[in-house]
Structures are given as structure tokens and as C-alpha cells.
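Novice: I'm passing along model.txt; it holds compact mmCIF, C-alpha atoms.
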# COMPACT_ATOMS: atom_id res chain seq x y z
CA MET Z 1302 -133.05 37.73 -53.08
CA LYS Z 1303 -135.03 39.73 -55.63
CA ILE Z 1304 -135.14 43.51 -56.02
CA TYR Z 1305 -137.95 45.49 -57.64
CA PRO Z 1306 -138.00 49.22 -58.49
CA LEU Z 1307 -141.26 50.88 -57.46
CA GLU Z 1308 -142.56 54.07 -59.03
CA THR Z 1309 -144.71 55.83 -56.43
CA GLY Z 1310 -145.32 59.11 -58.26
CA ASN Z 1311 -143.76 62.15 -59.88
CA PHE Z 1312 -143.56 65.73 -58.72
CA LYS Z 1313 -141.88 69.02 -59.58
CA LEU Z 1314 -139.58 71.32 -57.63
CA ASP Z 1315 -137.86 74.59 -58.38
CA GLY Z 1316 -134.70 73.89 -60.37
CA GLY Z 1317 -132.74 76.57 -58.59
CA ALA Z 1318 -133.55 75.04 -55.21
CA MET Z 1319 -132.48 71.63 -56.50
CA PHE Z 1320 -129.09 72.90 -57.68
CA GLY Z 1321 -128.18 75.59 -55.16
CA VAL Z 1322 -125.52 78.03 -56.38
CA VAL Z 1323 -125.08 76.37 -59.80
CA PRO Z 1324 -126.40 78.68 -62.59
CA LYS Z 1325 -129.47 77.59 -64.54
CA THR Z 1326 -127.51 77.77 -67.79
CA LEU Z 1327 -125.52 74.78 -66.51
CA TRP Z 1328 -128.06 72.61 -64.65
CA GLN Z 1329 -130.77 72.89 -67.30
CA ARG Z 1330 -128.58 70.90 -69.70
CA THR Z 1331 -129.34 67.76 -67.72
CA ASN Z 1332 -132.55 68.77 -65.93
CA PRO Z 1333 -134.59 71.04 -68.23
CA ALA Z 1334 -137.03 73.39 -66.52
CA ASP Z 1335 -140.53 74.40 -67.58
CA ALA Z 1336 -141.78 77.98 -67.89
CA ASN Z 1337 -142.12 78.19 -64.10
CA ASN Z 1338 -138.54 77.01 -63.52
CA LEU Z 1339 -139.77 73.62 -62.26
CA ILE Z 1340 -138.00 70.36 -63.03
CA ASN Z 1341 -139.45 66.85 -63.18
CA LEU Z 1342 -138.58 64.47 -60.36
CA SER Z 1343 -139.57 60.96 -59.38
CA MET Z 1344 -140.17 59.28 -56.03
CA ARG Z 1345 -138.74 55.88 -56.93
CA CYS Z 1346 -138.60 53.38 -54.09
CA MET Z 1347 -137.09 49.91 -53.81
CA LEU Z 1348 -138.60 46.60 -52.74
CA ILE Z 1349 -136.33 43.77 -51.56
CA GLU Z 1350 -137.70 40.24 -51.35
CA ASP Z 1351 -135.30 38.27 -49.18
CA GLY Z 1352 -136.53 34.95 -47.83
CA ASP Z 1353 -139.59 35.60 -45.68
CA ARG Z 1354 -138.85 39.34 -45.49
CA LEU Z 1355 -140.23 41.99 -47.82
CA ILE Z 1356 -138.32 45.23 -47.24
CA LEU Z 1357 -139.50 48.56 -48.66
CA ILE Z 1358 -136.97 51.39 -48.87
CA ASP Z 1359 -138.77 54.74 -48.64
CA THR Z 1360 -142.49 55.19 -49.32
CA GLY Z 1361 -142.97 58.29 -51.46
CA ILE Z 1362 -145.21 61.22 -50.60
CA GLY Z 1363 -148.41 59.29 -49.83
CA ASN Z 1364 -151.95 60.57 -50.39
CA LYS Z 1365 -153.20 61.88 -47.04
CA GLN Z 1366 -152.24 65.55 -47.40
CA SER Z 1367 -154.61 68.25 -48.58
CA ASP Z 1368 -155.08 69.30 -52.19
CA LYS Z 1369 -153.50 72.61 -51.23
CA PHE Z 1370 -150.37 70.84 -49.98
CA PHE Z 1371 -150.06 68.67 -53.08
CA GLY Z 1372 -150.64 71.74 -55.23
CA TYR Z 1373 -147.26 73.09 -54.13
CA TYR Z 1374 -145.50 70.06 -55.61
CA TYR Z 1375 -147.33 69.62 -58.93
CA LEU Z 1376 -147.88 65.87 -58.72
CA TYR Z 1377 -148.32 64.27 -62.14
CA GLY Z 1378 -148.60 60.86 -63.79
CA ASP Z 1379 -150.43 57.66 -62.90
CA PHE Z 1380 -147.88 55.94 -60.66
CA SER Z 1381 -148.74 54.90 -57.11
CA LEU Z 1382 -147.16 52.69 -54.49
CA ASP Z 1383 -150.12 50.29 -54.49
CA SER Z 1384 -150.16 49.83 -58.26
CA SER Z 1385 -146.39 49.31 -58.31
CA LEU Z 1386 -146.60 46.67 -55.59
CA ALA Z 1387 -149.47 44.96 -57.42
CA LYS Z 1388 -147.38 44.84 -60.59
CA TYR Z 1389 -145.11 42.34 -58.84
CA GLY Z 1390 -147.90 40.50 -57.03
CA PHE Z 1391 -147.59 42.19 -53.64
CA HIS Z 1392 -149.81 44.17 -51.29
CA ARG Z 1393 -148.77 46.66 -48.63
CA ASP Z 1394 -149.88 44.18 -45.94
CA ASP Z 1395 -147.10 41.86 -47.18
CA ILE Z 1396 -144.39 44.35 -46.22
CA THR Z 1397 -142.37 43.21 -43.19
CA ASP Z 1398 -139.96 46.16 -42.94
CA VAL Z 1399 -140.08 49.80 -44.03
CA PHE Z 1400 -136.62 51.34 -44.11
CA LEU Z 1401 -136.66 55.14 -44.28
CA THR Z 1402 -133.53 56.86 -45.55
CA HIS Z 1403 -134.74 60.00 -43.81
CA LEU Z 1404 -138.02 61.54 -42.72
CA HIS Z 1405 -138.60 64.34 -45.25
CA PHE Z 1406 -142.17 64.11 -46.52
CA ASP Z 1407 -141.33 62.94 -50.06
CA HIS Z 1408 -139.48 59.95 -48.59
CA CYS Z 1409 -141.77 58.89 -45.73
CA GLY Z 1410 -145.23 60.38 -46.43
CA GLY Z 1411 -146.55 57.07 -47.73
CA SER Z 1412 -145.78 55.39 -44.41
CA ILE Z 1413 -148.89 56.82 -42.72
CA GLN Z 1414 -152.47 56.92 -43.94
CA TRP Z 1415 -155.96 57.88 -42.79
CA ASN Z 1416 -158.02 55.08 -41.31
CA LYS Z 1417 -161.15 53.95 -43.18
CA ASP Z 1418 -163.34 56.63 -41.58
CA ARG Z 1419 -160.67 59.35 -41.85
CA THR Z 1420 -160.88 59.93 -38.11
CA PHE Z 1421 -157.25 59.18 -37.21
CA LEU Z 1422 -153.89 58.44 -38.80
CA GLU Z 1423 -152.40 54.96 -38.78
CA PRO Z 1424 -149.43 53.10 -40.27
CA ALA Z 1425 -150.00 52.24 -43.93
CA PHE Z 1426 -148.08 48.97 -43.40
CA LYS Z 1427 -149.77 47.26 -40.47
CA ASN Z 1428 -147.44 44.25 -40.40
CA ALA Z 1429 -144.14 46.10 -40.82
CA LYS Z 1430 -141.40 47.41 -38.62
CA PHE Z 1431 -140.38 51.00 -39.41
CA TRP Z 1432 -136.63 51.62 -39.35
CA SER Z 1433 -134.86 54.93 -38.68
CA ASN Z 1434 -131.96 55.86 -36.39
CA GLU Z 1435 -132.07 57.66 -33.08
CA ASN Z 1436 -130.09 60.74 -34.12
CA HIS Z 1437 -132.18 61.39 -37.20
CA TRP Z 1438 -135.41 60.72 -35.34
CA ASP Z 1439 -134.52 63.30 -32.69
CA TRP Z 1440 -133.56 65.73 -35.46
CA ALA Z 1441 -136.94 65.21 -37.15
CA VAL Z 1442 -139.20 65.48 -34.10
CA ASN Z 1443 -137.39 68.63 -32.95
CA PRO Z 1444 -136.89 70.26 -36.35
CA ASN Z 1445 -134.73 73.25 -37.09
CA PRO Z 1446 -136.41 76.21 -38.87
CA ARG Z 1447 -134.78 75.29 -42.19
CA GLU Z 1448 -136.27 71.79 -42.32
CA LYS Z 1449 -139.47 72.28 -40.34
CA ALA Z 1450 -141.62 72.31 -43.49
CA SER Z 1451 -140.16 68.95 -44.56
CA PHE Z 1452 -140.58 67.11 -41.23
CA LEU Z 1453 -144.35 66.77 -40.86
CA LYS Z 1454 -145.53 65.45 -37.50
CA GLU Z 1455 -148.43 63.58 -39.15
CA ASN Z 1456 -145.84 61.53 -41.10
CA ILE Z 1457 -143.66 60.83 -38.08
CA ASN Z 1458 -145.49 60.61 -34.76
CA PRO Z 1459 -147.86 57.72 -35.68
CA MET Z 1460 -144.89 55.44 -36.32
CA GLN Z 1461 -143.82 55.71 -32.69
CA GLU Z 1462 -147.34 55.73 -31.31
CA SER Z 1463 -148.06 52.44 -33.10
CA GLY Z 1464 -145.15 50.67 -31.44
CA GLN Z 1465 -143.75 49.74 -34.86
CA LEU Z 1466 -140.74 52.07 -34.76
CA ASN Z 1467 -137.23 50.61 -34.58
CA PHE Z 1468 -133.75 52.13 -34.72
CA VAL Z 1469 -130.59 50.82 -36.33
CA ASN Z 1470 -127.35 51.38 -34.45
CA ILE Z 1471 -125.15 54.35 -35.34
CA PRO Z 1472 -121.57 53.19 -35.95
CA GLU Z 1473 -118.56 55.31 -35.02
CA THR Z 1474 -117.36 55.25 -38.63
CA ASP Z 1475 -120.78 56.16 -40.12
CA PHE Z 1476 -120.71 52.89 -42.08
CA LEU Z 1477 -122.87 50.18 -40.54
CA GLN Z 1478 -122.09 46.68 -41.71
CA ASN Z 1479 -124.55 43.82 -41.43
CA SER Z 1480 -127.51 45.92 -40.34
CA PRO Z 1481 -130.71 44.23 -39.11
CA LEU Z 1482 -132.07 44.69 -42.64
CA GLY Z 1483 -129.37 42.50 -44.17
CA PHE Z 1484 -127.53 45.29 -46.01
CA ASP Z 1485 -124.81 47.78 -45.14
CA ILE Z 1486 -125.69 51.42 -44.47
CA LEU Z 1487 -123.66 54.57 -45.07
CA MET Z 1488 -124.77 57.46 -42.85
CA VAL Z 1489 -124.27 60.96 -44.23
CA ASN Z 1490 -124.96 64.33 -42.65
CA GLY Z 1491 -124.83 67.00 -45.34
CA HIS Z 1492 -128.44 66.88 -46.50
CA THR Z 1493 -129.86 66.18 -43.06
CA GLU Z 1494 -128.65 64.53 -39.86
CA LYS Z 1495 -127.81 60.82 -40.33
CA GLN Z 1496 -129.46 60.22 -43.68
CA MET Z 1497 -129.06 56.49 -44.40
CA ILE Z 1498 -127.77 55.19 -47.75
CA PRO Z 1499 -128.28 51.41 -48.20
CA HIS Z 1500 -125.59 49.31 -49.93
CA ILE Z 1501 -127.13 46.06 -51.18
CA GLN Z 1502 -125.22 43.07 -52.56
CA TYR Z 1503 -127.19 41.73 -55.51
CA LYS Z 1504 -126.23 39.42 -58.36
CA GLY Z 1505 -122.54 40.17 -58.01
CA LYS Z 1506 -123.02 43.95 -57.86
CA THR Z 1507 -123.26 46.55 -55.12
CA ILE Z 1508 -126.47 48.53 -55.61
CA VAL Z 1509 -126.58 51.78 -53.67
CA PHE Z 1510 -129.92 53.45 -52.99
CA MET Z 1511 -128.89 57.08 -53.36
CA ALA Z 1512 -131.81 58.92 -51.69
CA ASP Z 1513 -130.80 62.62 -51.45
CA LEU Z 1514 -127.04 62.16 -51.48
CA LEU Z 1515 -127.37 62.05 -55.28
CA PRO Z 1516 -130.91 62.95 -56.40
CA THR Z 1517 -130.29 62.75 -60.18
CA THR Z 1518 -127.46 62.15 -62.62
CA GLY Z 1519 -127.32 65.93 -63.01
CA HIS Z 1520 -126.03 66.18 -59.44
CA ILE Z 1521 -122.85 64.16 -59.98
CA PRO Z 1522 -120.39 67.12 -60.30
CA LEU Z 1523 -119.36 68.11 -56.77
CA PRO Z 1524 -120.65 71.73 -56.72
CA TYR Z 1525 -124.10 70.58 -57.86
CA VAL Z 1526 -125.60 70.46 -54.37
CA MET Z 1527 -129.21 71.08 -53.44
CA GLY Z 1528 -130.26 74.30 -51.77
CA TYR Z 1529 -132.23 72.08 -49.39
CA ASP Z 1530 -129.07 70.64 -47.83
CA THR Z 1531 -128.42 71.82 -44.28
CA ARG Z 1532 -124.62 71.51 -44.60
CA PRO Z 1533 -123.74 71.90 -48.30
CA LEU Z 1534 -119.96 71.89 -47.83
CA LEU Z 1535 -120.25 68.62 -45.95
CA THR Z 1536 -122.41 67.22 -48.74
CA MET Z 1537 -119.64 68.01 -51.22
CA ASP Z 1538 -117.10 66.15 -49.08
CA GLU Z 1539 -119.42 63.17 -48.61
CA LYS Z 1540 -120.21 63.07 -52.32
CA SER Z 1541 -116.53 63.22 -53.22
CA LYS Z 1542 -115.62 60.29 -50.98
CA PHE Z 1543 -118.60 58.24 -52.05
CA LEU Z 1544 -118.34 58.87 -55.81
CA ASN Z 1545 -114.64 58.05 -55.88
CA ARG Z 1546 -115.38 54.76 -54.16
CA ALA Z 1547 -118.36 54.15 -56.46
CA ALA Z 1548 -116.13 54.61 -59.51
CA GLU Z 1549 -113.36 52.40 -58.14
CA GLU Z 1550 -115.66 49.58 -57.03
CA GLU Z 1551 -118.13 49.89 -59.92
CA PHE Z 1552 -121.20 50.48 -57.78
CA VAL Z 1553 -124.60 50.60 -59.47
CA LEU Z 1554 -126.43 53.71 -58.26
CA PHE Z 1555 -130.21 53.49 -57.80
CA LEU Z 1556 -131.67 56.97 -58.31
CA GLU Z 1557 -134.72 57.90 -56.26
CA HIS Z 1558 -135.47 61.30 -57.79
CA ASP Z 1559 -134.25 61.05 -61.40
CA SER Z 1560 -137.42 61.03 -63.53
CA VAL Z 1561 -135.58 59.58 -66.55
CA ASN Z 1562 -132.78 57.34 -65.27
CA GLU Z 1563 -133.35 54.47 -62.85
CA LEU Z 1564 -129.72 53.38 -62.52
CA CYS Z 1565 -126.31 54.77 -63.37
CA THR Z 1566 -122.61 54.10 -63.00
CA VAL Z 1567 -119.81 56.64 -62.65
CA GLN Z 1568 -116.17 56.86 -63.74
CA LYS Z 1569 -113.10 58.92 -62.94
CA THR Z 1570 -112.09 61.53 -65.52
CA GLU Z 1571 -109.68 64.46 -65.72
CA LYS Z 1572 -112.55 66.68 -64.52
CA GLY Z 1573 -113.35 64.43 -61.57
CA VAL Z 1574 -115.97 61.71 -61.25
CA ARG Z 1575 -118.54 61.87 -64.01
CA LEU Z 1576 -121.46 59.87 -65.35
CA LYS Z 1577 -120.48 56.66 -67.15
CA GLU Z 1578 -123.70 54.92 -68.19
CA THR Z 1579 -127.41 54.93 -67.40
CA PHE Z 1580 -129.70 51.91 -67.39
CA LYS Z 1581 -133.20 50.71 -66.74
CA PHE Z 1582 -133.28 48.24 -63.86
CA ASN Z 1583 -134.41 45.32 -66.01
CA GLU Z 1584 -131.60 45.97 -68.49
CA VAL Z 1585 -129.03 45.12 -65.83
CA PHE Z 1586 -130.90 42.74 -63.54
CA ASN Z 1587 -133.25 40.45 -65.43
Turn this file's structure into C-alpha cells for me.
Specialist:
Amino acid sequence: MKIYPLETGNFKLDGGAMFGVVPKTLWQRTNPADANNLINLSMRCMLIEDGDRLILIDTGIGNKQSDKFFGYYYLYGDFSLDSSLAKYGFHRDDITDVFLTHLHFDHCGGSIQWNKDRTFLEPAFKNAKFWSNENHWDWAVNPNPREKASFLKENINPMQESGQLNFVNIPETDFLQNSPLGFDILMVNGHTEKQMIPHIQYKGKTIVFMADLLPTTGHIPLPYVMGYDTRPLLTMDEKSKFLNRAAEEEFVLFLEHDSVNELCTVQKTEKGVRLKETFKFNEVFN
């Protein structure tokens, strides 16, 4: 098995929305804001080469939306999914599986693209299976008012219409072992219904793709919960359980939205679980 981090692009969101009730005087120490109160974020995805399978975890925001839409999110930088794949010698047609942690647009937008003539939308990975779970899919196609702006039908419906959509089973314990993708999956419900957090065994370590359970290192303290979360108190409980386990078992945390830090570890302190170290991927896994 080989794992590759993929930078698909950077964007900006309101710092207050990203940290909920935590005052700016506290969160700006780790995530400094610009004059418009916006903080820098990444859309870092993961590629897993495992035998004859090439598994992509999340797909970034994509490029099919209007300039007006992208203008709300202040995209910047030169990263793209295609250039990141090419860096490692791959093309999107090589992808066999696209695993989506959840269906918010910054995580799944790159899954669907315009066809050559821009007359209809089609899967951006023609040879891949798309993986979600039935509870989250139902949540996304019948969105609540709070998340409606994040679940875009043009990102979601073509997956099912193409016949490429698949669901993983939902375990009673919310921890699925030996999933069809070859890794374990923790399902959490604070941010959105049945968000999926992959746990991958790699070179003697457990790498956890954090998605929106832990967007950046600045979100490690328990009260630092996004305003976007549908059930913030549940997020705090899920974070507490996960971070304690991560500290005890020395998990390596792969950060999707941290624009500076690719990986981190955590440790227990008198103040609770806190950041231990940060790393670039190639510093830990050569």
C-alpha cells in the first residue's frame, strides 16, 4: 500500500463560523484572520494505492460552479486535483473508488463535472465506484434548512443516476471494521448525519482522515467547534472520545482543512488533550 496527500485547492471561510462560540481573541492565535475575518483553509484529499485499487478520499470543491459561487469562498493558489494526481503519475480515470466522508460541497464537489460540451453533468471519475452510506445519503438529498446550502443537488444526484453509487453498511456501534474499502470507518453525527472518518493502517501507524471532525489543529480543544455543526454538543462528545483514543494509541491525524499542517499527533495534558507535534506527510512516511 502507498498513500499520497493531494492538494486540491485552498479557500477562505469566516473565522467566527469556523470556531462557533469561541472568541476571536482565542482562535486567531492558531488561525489568524485577514481584514475581512476570513481564515485560510485547504481541501486536502488522500489517495490510497492498494494492489489494483486506487482509492480517493474526498474530491475537493471541483470547478463546475459559477464564478459567483466561487466568489463566496475566495479560492486561491495553484493547486488542483488533476495536477496533484499527475504529480504521482496518476489520472482521474485510474481511480477505482471515490470514498466521500460526507456530501458537503467542499468535500464532494470534484466528484461531478460538466461533459465536454457543457450540456449535462457527469461523474468526474468514469471508472470509479462512489461510496457513501444510506443514512447520510438520505440526509443529503432531503436537506434540512441549516445544511441546504452545503448539499448541492448537482454534486449529488449524478452519482446515483450514473449507477456508480454504493453504500457501506452502518454498524450498530458506529465503528465499521473491515469495510469494502479495506479500512475501518468511524461514523460521527455531530457535524452532519453519519460523517465517515477513515482509519487506515499504514507502515505500522494508524492514520485517521479527520474530515470535519477536526478541521485544523486549532480545533483540538473541545469547545472549539464549528458553527456549521448541526449538533455541536454531540461533536464535543465525539471529539472527546476520539482524541483520548488518538492520544492513547498514538494515531497520526491527517488534516483536510488545515492550510499549514498536513499531519499531527495529540497528547494528554492537565488541560485535556492537546497538540503534540505537526508534520509534513513525507517527513513521517517516506
Novice: Kindly provide, as a ChimeraX atom specification, the polymer residues lying within 6 Å of (-140.9, 47.2, -39.6), counting only C-alpha atoms and using the coordinates exactly as they appear in the file.
Specialist: /Z:1397-1399,1429-1431
Novice: Determine, counting all atoms listed in the file, which protein, DNA and RNA residues have an atom within 7 Å of an atom of Ser1343 in chain Z; residues of the same chain fewer than 6 positions away are not included. Present the result as a compact mmCIF listing (two decimals) with C-alpha atoms, in the coordinates of the input.
Specialist:
# COMPACT_ATOMS: atom_id res chain seq x y z
CA GLY Z 1310 -145.32 59.11 -58.26
CA ASN Z 1311 -143.76 62.15 -59.88
CA PHE Z 1312 -143.56 65.73 -58.72
CA GLU Z 1557 -134.72 57.90 -56.26
CA HIS Z 1558 -135.47 61.30 -57.79
CA ASP Z 1559 -134.25 61.05 -61.40
CA SER Z 1560 -137.42 61.03 -63.53
Novice: So the first atom is CA of Pro1446 in chain Z and the second is CA of Asn1490 in chain Z; what is the distance between them in Å, to one decimal place?
Specialist: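 For CA of Pro1446 in chain Z relative to CA of Asn1490 in chain Z, the distance reads 16.9 Å.
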Novice: Can you measure CA of Phe1510 in chain Z to CA of Thr1360 in chain Z for me? One decimal in Å is fine.
Specialist: 13.2 Å
Novice: Give me, as number ranges by chain, all polymer residues having an atom no more than 7 Å from range 1412-1422 of chain Z, counting only C-alpha atoms and skipping those fewer than 5 positions away in the same chain.
Specialist: Z: 1360, 1365, 1456, 1459
Novice: Taking only C-alpha atoms into account, name the residue in Z:Thr1518, Z:Lys1540, Z:Leu1404, Z:Ile1349 that is nearest to Phe1580 in chain Z.
Specialist: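 Closest to Phe1580 in chain Z of all the choices is Z:Thr1518.
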Novice: Z:Pro1306, Z:Gly1321, Z:Gly1573, Z:Gly1363: which is nearest Met1527 in chain Z, counting all atoms listed in the file?
Specialist: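 For Met1527 in chain Z, the nearest of the candidates is Z:Gly1321.
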Novice: Mind checking which residues fall within 9 Å of Ile1457 in chain Z, counting only C-alpha atoms, ignoring those fewer than 4 positions away in the same chain, and posting them as a PDB file with C-alpha atoms, in the coordinates of the input?
Specialist:
ATOM      1  CA  LEU Z1404    -138.020  61.540 -42.720  1.00  0.00           C
ATOM      2  CA  CYS Z1409    -141.770  58.890 -45.730  1.00  0.00           C
ATOM      3  CA  GLY Z1410    -145.230  60.380 -46.430  1.00  0.00           C
ATOM      4  CA  SER Z1412    -145.780  55.390 -44.410  1.00  0.00           C
ATOM      5  CA  ILE Z1413    -148.890  56.820 -42.720  1.00  0.00           C
ATOM      6  CA  TRP Z1438    -135.410  60.720 -35.340  1.00  0.00           C
ATOM      7  CA  ALA Z1441    -136.940  65.210 -37.150  1.00  0.00           C
ATOM      8  CA  VAL Z1442    -139.200  65.480 -34.100  1.00  0.00           C
ATOM      9  CA  PHE Z1452    -140.580  67.110 -41.230  1.00  0.00           C
ATOM     10  CA  LEU Z1453    -144.350  66.770 -40.860  1.00  0.00           C
ATOM     11  CA  GLN Z1461    -143.820  55.710 -32.690  1.00  0.00           C
TER      12      GLN Z1461
END
Novice: Please, can range 1366-1387 of chain Z be completed to N, CA, C and O atoms and returned as an mmCIF file, in the frame of the given file?
Specialist:
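Written output follows (out-v2.cif):
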data_model
loop_
_atom_site.group_PDB
_atom_site.id
_atom_site.type_symbol
_atom_site.label_atom_id
_atom_site.label_comp_id
_atom_site.auth_asym_id
_atom_site.auth_seq_id
_atom_site.Cartn_x
_atom_site.Cartn_y
_atom_site.Cartn_z
ATOM 1 N N GLN Z 1366 -152.291 64.093 -47.553
ATOM 2 C CA GLN Z 1366 -152.240 65.550 -47.400
ATOM 3 C C GLN Z 1366 -153.367 66.227 -48.174
ATOM 4 O O GLN Z 1366 -154.043 65.617 -48.987
ATOM 5 N N SER Z 1367 -153.540 67.497 -47.929
ATOM 6 C CA SER Z 1367 -154.610 68.250 -48.580
ATOM 7 C C SER Z 1367 -154.270 68.559 -50.029
ATOM 8 O O SER Z 1367 -153.111 68.522 -50.444
ATOM 9 N N ASP Z 1368 -155.298 68.887 -50.797
ATOM 10 C CA ASP Z 1368 -155.080 69.300 -52.190
ATOM 11 C C ASP Z 1368 -154.189 70.534 -52.248
ATOM 12 O O ASP Z 1368 -153.374 70.678 -53.163
ATOM 13 N N LYS Z 1369 -154.346 71.414 -51.275
ATOM 14 C CA LYS Z 1369 -153.500 72.610 -51.230
ATOM 15 C C LYS Z 1369 -152.036 72.234 -51.080
ATOM 16 O O LYS Z 1369 -151.166 72.771 -51.789
ATOM 17 N N PHE Z 1370 -151.754 71.297 -50.186
ATOM 18 C CA PHE Z 1370 -150.370 70.840 -49.980
ATOM 19 C C PHE Z 1370 -149.815 70.244 -51.265
ATOM 20 O O PHE Z 1370 -148.725 70.604 -51.723
ATOM 21 N N PHE Z 1371 -150.550 69.310 -51.861
ATOM 22 C CA PHE Z 1371 -150.060 68.670 -53.080
ATOM 23 C C PHE Z 1371 -149.916 69.672 -54.216
ATOM 24 O O PHE Z 1371 -149.082 69.492 -55.104
ATOM 25 N N GLY Z 1372 -150.726 70.733 -54.185
ATOM 26 C CA GLY Z 1372 -150.640 71.740 -55.230
ATOM 27 C C GLY Z 1372 -149.302 72.442 -55.280
ATOM 28 O O GLY Z 1372 -148.893 72.949 -56.329
ATOM 29 N N TYR Z 1373 -148.585 72.468 -54.156
ATOM 30 C CA TYR Z 1373 -147.260 73.090 -54.130
ATOM 31 C C TYR Z 1373 -146.231 72.262 -54.883
ATOM 32 O O TYR Z 1373 -145.180 72.775 -55.252
ATOM 33 N N TYR Z 1374 -146.520 70.980 -55.081
ATOM 34 C CA TYR Z 1374 -145.500 70.060 -55.610
ATOM 35 C C TYR Z 1374 -145.885 69.458 -56.965
ATOM 36 O O TYR Z 1374 -145.168 68.609 -57.477
ATOM 37 N N TYR Z 1375 -146.990 69.906 -57.537
ATOM 38 C CA TYR Z 1375 -147.330 69.620 -58.930
ATOM 39 C C TYR Z 1375 -147.206 68.124 -59.252
ATOM 40 O O TYR Z 1375 -146.496 67.716 -60.168
ATOM 41 N N LEU Z 1376 -147.916 67.306 -58.471
ATOM 42 C CA LEU Z 1376 -147.880 65.870 -58.720
ATOM 43 C C LEU Z 1376 -148.446 65.575 -60.113
ATOM 44 O O LEU Z 1376 -149.424 66.186 -60.542
ATOM 45 N N TYR Z 1377 -147.836 64.632 -60.804
ATOM 46 C CA TYR Z 1377 -148.320 64.270 -62.140
ATOM 47 C C TYR Z 1377 -148.056 62.798 -62.404
ATOM 48 O O TYR Z 1377 -147.231 62.165 -61.746
ATOM 49 N N GLY Z 1378 -148.772 62.258 -63.410
ATOM 50 C CA GLY Z 1378 -148.600 60.860 -63.790
ATOM 51 C C GLY Z 1378 -149.544 59.927 -63.058
ATOM 52 O O GLY Z 1378 -150.313 60.339 -62.180
ATOM 53 N N ASP Z 1379 -149.498 58.655 -63.424
ATOM 54 C CA ASP Z 1379 -150.430 57.660 -62.900
ATOM 55 C C ASP Z 1379 -149.798 56.677 -61.917
ATOM 56 O O ASP Z 1379 -150.434 55.718 -61.504
ATOM 57 N N PHE Z 1380 -148.547 56.871 -61.557
ATOM 58 C CA PHE Z 1380 -147.880 55.940 -60.660
ATOM 59 C C PHE Z 1380 -148.428 56.043 -59.244
ATOM 60 O O PHE Z 1380 -148.804 57.118 -58.785
ATOM 61 N N SER Z 1381 -148.423 54.919 -58.539
ATOM 62 C CA SER Z 1381 -148.740 54.900 -57.110
ATOM 63 C C SER Z 1381 -148.014 53.719 -56.484
ATOM 64 O O SER Z 1381 -147.646 52.760 -57.177
ATOM 65 N N LEU Z 1382 -147.826 53.775 -55.185
ATOM 66 C CA LEU Z 1382 -147.160 52.690 -54.490
ATOM 67 C C LEU Z 1382 -147.973 51.398 -54.604
ATOM 68 O O LEU Z 1382 -147.427 50.317 -54.865
ATOM 69 N N ASP Z 1383 -149.288 51.499 -54.442
ATOM 70 C CA ASP Z 1383 -150.120 50.290 -54.490
ATOM 71 C C ASP Z 1383 -150.088 49.630 -55.857
ATOM 72 O O ASP Z 1383 -149.983 48.404 -55.959
ATOM 73 N N SER Z 1384 -150.182 50.416 -56.915
ATOM 74 C CA SER Z 1384 -150.160 49.830 -58.260
ATOM 75 C C SER Z 1384 -148.795 49.234 -58.575
ATOM 76 O O SER Z 1384 -148.701 48.204 -59.265
ATOM 77 N N SER Z 1385 -147.734 49.846 -58.075
ATOM 78 C CA SER Z 1385 -146.390 49.310 -58.310
ATOM 79 C C SER Z 1385 -146.183 48.008 -57.559
ATOM 80 O O SER Z 1385 -145.575 47.066 -58.076
ATOM 81 N N LEU Z 1386 -146.674 47.933 -56.331
ATOM 82 C CA LEU Z 1386 -146.600 46.670 -55.590
ATOM 83 C C LEU Z 1386 -147.409 45.587 -56.296
ATOM 84 O O LEU Z 1386 -146.948 44.442 -56.448
ATOM 85 N N ALA Z 1387 -148.609 45.932 -56.755
ATOM 86 C CA ALA Z 1387 -149.470 44.960 -57.420
ATOM 87 C C ALA Z 1387 -148.839 44.435 -58.708
ATOM 88 O O ALA Z 1387 -149.054 43.271 -59.089
#
